[in-house]
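Structure data follow from my_file10.txt (compact mmCIF, C-alpha atoms and all ligand atoms):
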```txt
# COMPACT_ATOMS: atom_id res chain seq x y z
CA MET A 272 0.00 0.00 0.00
CA SER A 273 1.32 3.43 -0.87
CA LYS A 274 2.67 5.72 1.80
CA ASP A 275 0.08 8.38 1.08
CA LEU A 276 -3.04 6.35 0.60
CA HIS A 277 -5.03 9.35 -0.57
CA ALA A 278 -2.70 10.52 -3.34
CA ARG A 279 -4.26 8.08 -5.83
CA PRO A 280 -7.40 5.92 -6.09
CA PHE A 281 -7.73 3.18 -3.47
CA ASP A 282 -6.28 -0.03 -4.87
CA GLU A 283 -7.84 -3.48 -4.66
CA THR A 284 -6.01 -4.38 -1.45
CA THR A 285 -7.05 -1.16 0.27
CA ILE A 286 -10.65 -1.81 -0.76
CA ALA A 287 -10.40 -5.36 0.67
CA LYS A 288 -9.14 -3.90 3.96
CA LEU A 289 -11.93 -1.29 4.05
CA GLU A 290 -14.55 -3.92 3.30
CA ILE A 291 -13.37 -6.04 6.22
CA PHE A 292 -13.49 -2.93 8.41
CA GLU A 293 -17.04 -2.15 7.35
CA ASP A 294 -18.21 -5.76 7.53
CA TYR A 295 -17.10 -5.81 11.12
CA ALA A 296 -18.94 -2.54 11.89
CA GLN A 297 -22.03 -4.10 10.33
CA ALA A 298 -21.71 -7.15 12.62
CA TRP A 299 -20.76 -5.14 15.73
CA LEU A 300 -23.43 -2.43 15.63
CA PRO A 301 -26.61 -4.57 15.94
CA THR A 302 -25.09 -6.61 18.78
CA PHE A 303 -24.31 -3.53 20.84
CA VAL A 304 -27.43 -1.63 19.85
CA MET A 305 -29.47 -4.53 21.33
CA TRP A 306 -27.17 -4.92 24.35
CA GLY A 307 -28.71 -2.00 26.21
CA ASP A 308 -25.78 0.36 26.96
CA PRO A 309 -27.12 3.88 26.33
CA VAL A 310 -23.82 4.98 24.76
CA ILE A 311 -21.60 2.95 22.44
CA CYS A 312 -18.44 4.27 20.80
CA ILE A 313 -16.61 3.93 17.51
CA PHE A 314 -13.10 5.34 17.05
CA ASP A 315 -11.26 5.77 13.77
CA PHE A 316 -7.86 7.15 14.81
CA PHE A 317 -6.39 7.40 11.28
CA ALA A 318 -9.50 8.48 9.43
CA GLY A 319 -8.03 9.97 6.26
CA THR A 320 -10.02 12.22 3.96
CA GLY A 321 -13.42 10.52 3.85
CA TYR A 322 -13.22 9.54 0.16
CA ASP A 323 -10.45 8.69 -2.28
CA VAL A 324 -9.72 10.87 -5.32
CA ASN A 325 -12.46 9.03 -7.27
CA GLY A 326 -15.09 9.45 -4.57
CA VAL A 327 -14.77 5.88 -3.21
CA PRO A 328 -15.61 6.01 0.50
CA GLY A 329 -12.88 5.54 3.07
CA SER A 330 -13.29 4.14 6.57
CA PRO A 331 -15.12 7.11 8.19
CA ILE A 332 -17.83 7.32 5.54
CA ARG A 333 -18.21 3.53 5.55
CA ILE A 334 -18.73 3.68 9.34
CA LEU A 335 -21.38 6.40 8.97
CA LYS A 336 -23.14 4.31 6.31
CA LYS A 337 -23.22 1.28 8.60
CA ILE A 338 -24.70 3.43 11.37
CA ARG A 339 -27.34 4.61 8.91
CA GLU A 340 -28.29 0.99 8.16
CA GLN A 341 -28.99 0.50 11.89
CA ILE A 342 -30.81 3.78 12.39
CA ALA A 343 -34.23 2.28 13.29
CA PRO A 344 -32.97 -0.02 16.10
CA ILE A 345 -30.66 2.79 17.32
CA PHE A 346 -33.67 5.09 17.82
CA GLN A 347 -35.93 2.30 19.13
CA ASN A 348 -33.39 1.33 21.77
CA LYS A 349 -32.55 4.97 22.59
CA ILE A 350 -28.84 4.39 21.97
CA GLN A 351 -26.40 7.16 21.22
CA VAL A 352 -23.43 6.28 19.09
CA HIS A 353 -20.41 8.42 19.94
CA VAL A 354 -18.19 8.56 16.89
CA TYR A 355 -14.57 9.77 17.05
CA PHE A 356 -12.67 10.48 13.84
CA ASN A 357 -9.08 11.67 14.03
CA GLU A 358 -6.75 12.73 11.21
CA PHE A 359 -3.40 14.40 11.84
CA ASP A 360 -2.75 15.91 8.40
CA LYS A 361 -4.27 19.41 8.23
CA LYS A 362 -5.36 19.26 4.59
CA LYS A 363 -6.82 15.78 4.96
CA PHE A 364 -8.58 16.81 8.14
CA LYS A 365 -10.34 19.62 6.25
CA GLN A 366 -11.44 17.18 3.57
CA LEU A 367 -12.65 14.78 6.26
CA SER A 368 -14.69 17.54 7.93
CA VAL A 369 -16.32 18.49 4.64
CA ALA A 370 -17.05 14.83 3.80
CA CYS A 371 -18.71 14.29 7.20
CA ASP A 372 -20.69 17.56 7.00
CA ASP A 373 -21.94 16.61 3.54
CA PHE A 374 -22.91 13.11 4.67
CA LEU A 375 -24.80 14.41 7.69
CA ARG A 376 -26.53 17.09 5.64
CA ASP A 377 -27.73 14.38 3.24
CA HIS A 378 -28.69 12.06 6.10
CA PRO A 379 -29.82 14.26 9.01
CA GLU A 380 -31.25 11.22 10.86
CA VAL A 381 -27.66 9.95 11.28
CA GLY A 382 -26.74 13.34 12.77
CA ARG A 383 -29.48 12.86 15.38
CA ALA A 384 -28.33 9.32 16.24
CA ILE A 385 -24.66 10.08 16.74
CA LYS A 386 -22.39 12.49 18.54
CA LEU A 387 -19.58 13.16 16.08
CA ASN A 388 -16.20 14.22 17.47
CA LEU A 389 -13.61 15.25 14.90
CA SER A 390 -10.02 15.90 15.91
CA GLN A 391 -6.76 16.76 14.20
CA GLU A 392 -4.21 15.35 16.62
CA ASP A 393 -1.16 13.17 16.59
CA PHE A 394 -2.28 9.65 17.43
CA ASP A 395 -0.16 9.49 20.56
CA LEU A 396 -1.96 12.46 22.12
CA CYS A 397 -5.36 11.49 20.78
CA PHE A 398 -5.10 7.94 22.10
CA SER A 399 -4.05 9.12 25.59
CA ARG A 400 -6.91 11.61 25.68
CA LEU A 401 -9.54 9.14 24.50
CA PHE A 402 -8.35 5.97 26.20
CA PRO A 403 -10.54 6.56 29.30
CA VAL A 404 -13.55 6.87 26.95
CA ILE A 405 -12.60 3.62 25.19
CA GLN A 406 -12.38 1.90 28.55
CA ALA A 407 -15.65 3.27 29.86
CA HIS A 408 -17.88 2.02 27.02
CA SER A 409 -18.44 -0.79 24.58
CA SER A 410 -16.04 0.39 21.90
CA LEU A 411 -15.03 -0.48 18.37
CA VAL A 412 -11.57 0.87 17.54
CA TYR A 413 -9.96 1.19 14.11
CA LEU A 414 -6.21 1.82 13.87
CA ASP A 415 -5.54 2.14 10.16
CA GLN A 416 -1.97 3.41 10.45
CA ASN A 417 0.69 3.66 7.79
CA GLY A 418 3.52 1.30 8.75
CA ILE A 419 3.88 -0.41 12.13
CA LYS A 420 4.79 2.29 14.64
CA PHE A 421 1.52 2.42 16.51
CA LEU A 422 1.53 -1.27 17.25
CA ALA A 423 3.95 -0.38 20.04
CA ASP A 424 3.32 -1.93 23.45
CA ARG A 425 2.25 1.37 24.98
CA TYR A 426 -0.87 1.33 22.79
CA PHE A 427 -1.35 -2.36 22.10
CA LEU A 428 -1.02 -3.47 25.71
CA GLU A 429 -3.34 -0.67 26.83
CA LEU A 430 -6.00 -2.04 24.49
CA GLU A 431 -5.35 -5.48 25.96
CA LYS A 432 -6.46 -4.15 29.36
CA THR A 433 -9.89 -3.10 28.12
CA ARG A 434 -12.74 -5.55 28.48
CA ARG A 435 -15.37 -4.29 26.06
CA THR A 436 -13.21 -3.20 23.15
CA ASP A 437 -12.96 -4.84 19.76
CA PHE A 438 -10.16 -3.48 17.58
CA LEU A 439 -8.92 -3.75 14.03
CA TYR A 440 -5.33 -2.73 13.45
CA PHE A 441 -3.68 -2.38 10.08
CA VAL A 442 0.01 -3.34 10.09
CA SER A 443 2.57 -3.18 7.28
CA SER A 444 3.92 -6.53 8.40
CA SER A 445 6.45 -6.88 5.58
CA TYR A 446 8.31 -3.89 7.06
CA PHE A 447 9.40 -6.19 9.87
CA TRP A 448 10.95 -8.55 7.36
CA ARG A 449 12.77 -5.72 5.62
CA PHE A 450 13.70 -3.38 8.44
CA GLY A 451 13.12 -5.40 11.61
CA GLU A 452 16.80 -5.29 12.61
CA LYS A 453 16.87 -1.51 12.72
CA GLU A 454 16.88 0.11 16.14
CA GLU A 455 13.88 2.37 15.45
CA PHE A 456 11.82 -0.72 14.64
CA LYS A 457 12.95 -2.62 17.70
CA THR A 458 11.95 0.29 19.94
CA HIS A 459 8.38 0.19 18.58
CA VAL A 460 7.55 -3.51 18.57
CA LYS A 461 9.50 -6.40 20.07
CA ILE A 462 9.58 -9.05 17.37
CA ASP A 463 12.07 -11.89 17.18
CA LEU A 464 13.04 -11.51 13.55
CA GLU A 465 15.23 -14.59 13.49
CA GLU A 466 12.27 -16.64 14.67
CA ALA A 467 9.95 -14.94 12.15
CA LYS A 468 12.34 -15.68 9.29
CA ARG A 469 12.20 -19.41 10.00
CA ASN A 470 8.85 -19.32 8.18
CA PRO A 471 8.45 -18.33 4.53
CA TYR A 472 7.94 -14.63 3.81
CA ARG A 473 4.27 -15.02 2.90
CA PHE A 474 3.52 -15.99 6.52
CA ILE A 475 5.02 -12.80 7.99
CA HIS A 476 1.68 -11.36 9.15
CA ARG A 477 0.60 -14.69 10.66
CA THR A 478 3.98 -15.05 12.37
CA LEU A 479 3.80 -11.50 13.71
CA ILE A 480 0.47 -12.26 15.37
CA ALA A 481 1.76 -15.53 16.81
CA GLN A 482 4.53 -13.50 18.47
CA LEU A 483 2.13 -10.80 19.67
CA ARG A 484 0.02 -13.55 21.28
CA GLY A 485 3.14 -14.76 23.04
CA ASN A 486 3.81 -11.24 24.37
CA LEU A 487 0.37 -10.90 26.02
CA PRO A 488 0.14 -11.18 29.81
CA PRO A 489 -0.27 -14.86 30.84
CA ASN A 490 -3.88 -14.48 32.04
CA SER A 491 -5.00 -12.30 29.11
CA ASN A 492 -8.48 -12.88 27.67
CA LEU A 493 -7.59 -11.08 24.48
CA LYS A 494 -7.87 -13.17 21.30
CA LEU A 495 -5.97 -12.07 18.20
CA TYR A 496 -6.63 -13.12 14.61
CA PRO A 497 -4.76 -12.23 11.41
CA PHE A 498 -6.03 -11.43 7.97
CA SER A 499 -3.07 -11.15 5.59
CA LEU A 500 -3.32 -8.75 2.66
CA LYS A 501 -0.93 -9.18 -0.21
CA LYS A 502 -0.17 -6.37 -2.58
CA ALA A 503 2.45 -7.04 -5.23
CA ALA A 504 5.51 -8.25 -3.32
CA ASN A 505 4.34 -6.98 0.07
CA VAL A 506 2.35 -8.79 2.72
CA HIS A 507 0.51 -6.58 5.18
CA GLY A 508 -2.54 -7.32 7.19
CA ILE A 509 -5.27 -6.72 9.70
CA ILE A 510 -5.03 -7.74 13.32
CA PHE A 511 -8.41 -8.30 14.88
CA GLY A 512 -8.52 -8.28 18.66
CA ALA A 513 -11.37 -8.91 21.10
CA SER A 514 -11.94 -10.72 24.36
CA HIS A 515 -15.56 -11.78 23.88
CA ILE A 516 -16.32 -15.02 22.07
CA ARG A 517 -19.25 -13.42 20.21
CA ALA A 518 -16.88 -10.88 18.66
CA VAL A 519 -14.41 -13.59 17.72
CA GLU A 520 -17.15 -15.64 16.06
CA LYS A 521 -18.25 -12.62 14.04
CA PHE A 522 -14.76 -11.83 12.80
CA ILE A 523 -13.99 -15.44 11.90
CA GLY A 524 -17.27 -15.55 9.94
CA ILE A 525 -16.29 -12.41 8.01
CA ALA A 526 -12.80 -13.74 7.29
CA TRP A 527 -14.07 -17.08 5.92
CA LYS A 528 -16.69 -15.32 3.83
CA ARG A 529 -13.90 -13.32 2.23
CA ASN A 530 -11.77 -16.38 1.57
CA GLU A 531 -13.55 -19.73 1.70
CA VAL A 532 -10.29 -21.65 1.23
CA ASN A 533 -8.22 -20.31 4.13
CA GLY A 534 -10.28 -17.66 5.99
CA GLU A 535 -7.11 -15.76 6.62
CA ALA A 536 -5.76 -13.93 3.59
CA ASN A 537 -6.62 -12.31 0.26
CA PHE A 538 -4.37 -14.92 -1.42
CA ASP A 539 -3.75 -18.67 -1.28
CA ILE A 540 -1.49 -18.42 1.76
CA ASP A 541 -1.18 -22.19 2.36
CA ASP A 542 -1.12 -23.21 -1.32
CA ASP A 543 -4.41 -25.04 -0.74
CA ASN A 544 -5.40 -24.80 -4.39
CA GLN A 545 -2.41 -26.98 -5.30
CA LYS A 546 -3.41 -29.59 -2.74
CA ILE A 547 -6.45 -30.68 -4.71
CA GLN A 548 -4.12 -32.68 -6.97
CA LEU A 549 -2.55 -35.93 -5.90
CA ASP A 550 1.19 -35.68 -5.35
CA LEU A 551 2.93 -38.65 -7.00
CA PHE A 552 5.23 -39.19 -4.03
CA GLU A 553 3.37 -37.85 -1.00
CA GLY A 554 -0.24 -38.66 -1.91
CA LYS A 555 -2.81 -35.92 -1.34
CA LYS A 556 -1.66 -33.06 0.87
CA LEU A 557 -4.25 -31.87 3.38
CA THR A 558 -5.84 -28.44 2.99
CA LYS A 559 -6.12 -26.03 5.91
CA ILE A 560 -9.71 -27.13 6.57
CA GLU A 561 -8.78 -30.81 6.33
CA ILE A 562 -5.87 -30.37 8.76
CA PHE A 563 -8.22 -28.71 11.24
CA GLN A 564 -10.78 -31.50 10.82
CA LYS A 565 -8.12 -34.18 11.27
CA ARG A 566 -7.00 -32.57 14.54
CA LEU A 567 -10.59 -32.28 15.76
CA HIS A 568 -11.18 -35.94 14.81
CA GLU A 569 -8.16 -37.04 16.87
CA GLN A 570 -9.13 -34.91 19.86
CA VAL A 571 -12.66 -36.31 19.89
CA LEU A 572 -11.41 -39.88 19.71
CA ASN A 573 -8.83 -39.33 22.46
CA GLY A 574 -11.45 -37.78 24.73
CA LYS A 575 -10.12 -34.19 24.78
CA ILE A 576 -13.20 -32.86 22.99
CA THR A 577 -16.34 -34.38 24.45
CA SER A 578 -19.10 -31.83 23.77
CA ASN A 579 -20.40 -29.17 21.39
CA SER A 580 -19.07 -26.52 23.76
CA HIS A 581 -15.52 -27.97 23.55
CA ALA A 582 -15.79 -28.35 19.78
CA PHE A 583 -16.95 -24.74 19.40
CA ASP A 584 -14.10 -23.40 21.57
CA PHE A 585 -11.62 -25.52 19.62
CA ALA A 586 -12.89 -24.14 16.31
CA MET A 587 -12.72 -20.53 17.55
CA ASN A 588 -9.22 -20.93 18.99
CA GLU A 589 -8.02 -22.37 15.70
CA GLY A 590 -9.72 -19.60 13.69
CA HIS A 591 -12.23 -21.97 12.05
CA LEU A 592 -15.97 -21.88 11.54
CA GLY A 593 -18.20 -24.04 13.73
CA SER A 594 -19.48 -25.55 10.48
CA HIS A 595 -16.00 -26.96 9.71
CA ALA A 596 -16.15 -28.83 13.01
CA ALA A 597 -19.78 -29.87 12.49
CA GLU A 598 -18.99 -31.34 9.08
CA GLU A 599 -16.33 -33.64 10.57
CA LEU A 600 -18.50 -34.61 13.54
CA ARG A 601 -21.36 -35.58 11.21
CA ARG A 602 -18.94 -37.70 9.19
CA MET A 603 -17.71 -39.39 12.35
CA LYS A 604 -21.28 -40.18 13.37
CA LYS A 605 -22.05 -41.57 9.90
CA ASP A 606 -18.93 -43.76 10.13
CA CYS A 607 -20.13 -45.01 13.56
CA LEU A 608 -17.06 -43.60 15.34
CA ILE A 609 -19.13 -41.40 17.65
CA ASP A 610 -22.75 -40.89 18.60
CA TYR A 611 -24.73 -37.88 19.80
CA ASP A 612 -28.42 -37.04 20.26
CA GLY A 613 -30.24 -35.55 17.32
CA LEU A 614 -29.12 -34.85 13.79
CA SER A 615 -26.84 -31.86 14.39
CA PRO A 616 -23.64 -31.72 16.49
CA LEU A 617 -24.77 -28.16 17.46
CA VAL A 618 -21.40 -26.42 17.02
CA THR A 619 -22.71 -22.85 16.77
CA TYR A 620 -22.51 -19.75 18.94
CA GLU A 621 -26.30 -19.71 19.24
CA ASN A 622 -26.53 -23.28 20.56
CA VAL A 623 -23.55 -23.11 22.89
CA HIS A 624 -23.74 -19.56 24.25
CA LYS A 625 -27.23 -18.21 23.61
CA LEU A 626 -29.57 -21.18 23.94
CA GLY A 627 -27.33 -23.16 26.28
CA LYS A 628 -27.97 -26.37 24.31
CA PHE A 629 -25.34 -28.78 25.46
CA ILE A 630 -24.69 -32.20 23.93
CA THR A 631 -21.96 -34.74 24.44
CA TYR A 632 -20.21 -36.91 21.87
CA LYS A 633 -19.89 -40.56 22.85
CA VAL A 634 -16.93 -42.43 21.33
CA LEU A 635 -18.07 -45.78 19.86
CA LYS A 636 -14.92 -46.91 18.15
CA GLN A 637 -11.31 -45.65 18.35
C1 LIG B 1 -3.67 4.37 5.99
S1 LIG B 1 -4.25 5.98 6.07
C2 LIG B 1 -5.88 5.79 6.70
C3 LIG B 1 -6.90 5.67 5.65
C4 LIG B 1 -8.34 5.78 6.11
N1 LIG B 1 -8.68 4.72 7.00
C5 LIG B 1 -9.24 5.78 4.88
O1 LIG B 1 -10.03 4.85 4.74
O2 LIG B 1 -9.13 6.69 4.09
C6 LIG B 1 -3.43 6.62 7.46
C7 LIG B 1 -3.81 8.05 7.80
O3 LIG B 1 -3.21 8.39 9.04
C8 LIG B 1 -2.77 9.74 9.00
N2 LIG B 1 -1.67 9.86 9.96
C9 LIG B 1 -0.35 9.66 9.76
N3 LIG B 1 0.32 9.83 10.91
C10 LIG B 1 -0.58 10.12 11.87
C11 LIG B 1 -0.50 10.37 13.25
N4 LIG B 1 0.67 10.39 13.88
N5 LIG B 1 -1.64 10.59 13.94
C12 LIG B 1 -2.85 10.57 13.31
N6 LIG B 1 -2.98 10.37 11.98
C13 LIG B 1 -1.86 10.13 11.27
C14 LIG B 1 -2.35 9.93 7.56
O4 LIG B 1 -2.42 11.29 7.19
C15 LIG B 1 -3.35 9.07 6.79
O5 LIG B 1 -4.44 9.81 6.37
```
Represent the structure contained in this file as structure tokens.
Ligand SMILES: C[S@@+](CC[C@H](N)C(=O)[O-])C[C@H]1O[C@@H](n2cnc3c(N)ncnc32)[C@H](O)[C@@H]1O
Amino acid sequence: MSKDLHARPFDETTIAKLEIFEDYAQAWLPTFVMWGDPVICIFDFFAGTGYDVNGVPGSPIRILKKIREQIAPIFQNKIQVHVYFNEFDKKKFKQLSVACDDFLRDHPEVGRAIKLNLSQEDFDLCFSRLFPVIQAHSSLVYLDQNGIKFLADRYFLELEKTRRTDFLYFVSSSYFWRFGEKEEFKTHVKIDLEEAKRNPYRFIHRTLIAQLRGNLPPNSNLKLYPFSLKKAANVHGIIFGASHIRAVEKFIGIAWKRNEVNGEANFDIDDDNQKIQLDLFEGKKLTKIEIFQKRLHEQVLNGKITSNSHAFDFAMNEGHLGSHAAEELRRMKKDCLIDYDGLSPLVTYENVHKLGKFITYKVLKQ
């Protein structure tokens, strides 16, 4: 992605990133509108200009549009959405202000549903000022930075401490590969580059997140998921973070909808498309979904996964859909390896967490 994202039209990769951002706003808003908190907050700390040079909406306008889609339940539930857009660059900030004014003039109902706070501050100051607000409410936070700088512990680990915050970071992960040895990089984010380089370059974003997970406090509830975005030779990506299982399930659903093969990238990160063919020497290599199902299969047979609740947690921890687990469990029942009541193994958020439907899987044959 270019250094100045707004100097030319948004490219395909930027659009993919923005679509994931807006898909998550679309999933987040109804949940929190129904939750009952009178105030919910959305922060876009690197908001840009509002539109690209061709009038394609950027993150702030996409957020306003998603709020507009939820306008009826917002009014019915008497919720106020506090929206914070920040952009440091003076010229871009002016464009952002005009874009928001125009949007709210065209859609005055959105103006009545939200409290819009625009600021033109350096992120460091803005984040310190607004962090107490993030902490006090159910918050959705976008950090669409250029580069990697603002992934530094002093921001990232602060977000880790919040309990009702979902965040989406953008990170130019390939910078670590290229410049990770430089002192100014090391002062921002502690990444073991030697360790990262043991994996192929295309995994850099995945590897970065694995290391960030390792740097979290031992009792942290925060779950982190990658979505790698390749543009030409560079691999960047989104880091999704949340501590509530509902949020995790939503993001995983969005990621798999975007890529039904790996749920994790805008390219074939694990070469799954090659694995369809039989290798003359090694037989058929397993795809990402098949590897997950094989591991689930083994854990059910060895008694580590005994219920739909375990199977659902396993799927979420591995970044897979409940339906991937359900497909394998149905197959195991058909092959008389396990048995459970009813037709469905019930590996969904609704069954496990909303309806409290609990079933066990009985092993019939090892
Ligand atoms: C990747 S762009 C964000 C694009 C935006 N999400 C959109 O959809 O148009 C990063 C933005 O952060 C702004 N920026 C750069 N350094 C900043 C800082 N220290 N604090 C706040 N904003 C900054 C840049 O001017 C740029 O507009």
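Of the listed residues (A:Leu500, A:Ile462, A:Ala597, A:Leu614), A:Leu500 comes nearest to Asp539 (chain A); the distances count only C-alpha atoms.
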Would you kindly identify which residues have an atom no farther than 9 Å from (-8.5, -19.1, 5.9), using only C-alpha atoms and the file's own coordinates, and write them out as a list in words? Phe498, Ile523, Ala526, Trp527, Arg529, Asn530, Glu531, Val532, Asn533, Gly534, Glu535, Ala536, Asp539, Ile540, Asp541, Lys559, Ile560, Gly590 and His591 of chain A
With 6 Å on each side, where is the centre of the axis-aligned box around all listed atoms of region 611-614 of chain A, and how long are its edges in Å to one decimal, as lines of an AutoDock Vina configuration file?
```
center_x = -27.5
center_y = -36.4
center_z = 17.0
size_x = 17.5
size_y = 15.0
size_z = 18.5
```
Please write out the residues within 6 Å of ligand LIG 1 (chain B) as a tab-separated table (two decimals) with C-alpha atoms, in the frame of the given file, counting all atoms listed in the file.
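Generated file (out.tsv):
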```tsv
chain	number	residue	atom	x	y	z
A	276	LEU	CA	-3.04	6.35	0.60
A	317	PHE	CA	-6.39	7.40	11.28
A	318	ALA	CA	-9.50	8.48	9.43
A	319	GLY	CA	-8.03	9.97	6.26
A	320	THR	CA	-10.02	12.22	3.96
A	321	GLY	CA	-13.42	10.52	3.85
A	329	GLY	CA	-12.88	5.54	3.07
A	330	SER	CA	-13.29	4.14	6.57
A	358	GLU	CA	-6.75	12.73	11.21
A	359	PHE	CA	-3.40	14.40	11.84
A	360	ASP	CA	-2.75	15.91	8.40
A	392	GLU	CA	-4.21	15.35	16.62
A	393	ASP	CA	-1.16	13.17	16.59
A	394	PHE	CA	-2.28	9.65	17.43
A	415	ASP	CA	-5.54	2.14	10.16
A	416	GLN	CA	-1.97	3.41	10.45
A	417	ASN	CA	0.69	3.66	7.79
```
Would you be able to write out as a count of residues only which residues have an atom within 10 Å of (-5.3, -6.2, 7.3) in the file's coordinates, counting only C-alpha atoms? 29
Calculate how many Å separate CA of Pro344 (chain A) from CA of His515 (chain A), rounding to one decimal. 22.4 Å
For region 623-635 of chain A, list every protein, DNA or RNA residue within 12 Å, evaluated using all atoms listed in the file, and leave out those in the same chain fewer than 3 positions away; present the list as a count of residues only. 43
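We find CA of Phe364 (chain A) and CA of Pro280 (chain A) to be spaced 18.0 Å apart.
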Expressed in Å to a single decimal, how great is the separation between CA of Ala423 (chain A) and CA of Leu464 (chain A)? 15.8 Å
Out of A:Asn357, A:Lys336, A:Val327, A:Lys546, which residue has the shortest atom-to-atom distance to Arg400 (chain A) when counting all atoms listed in the file? A:Asn357
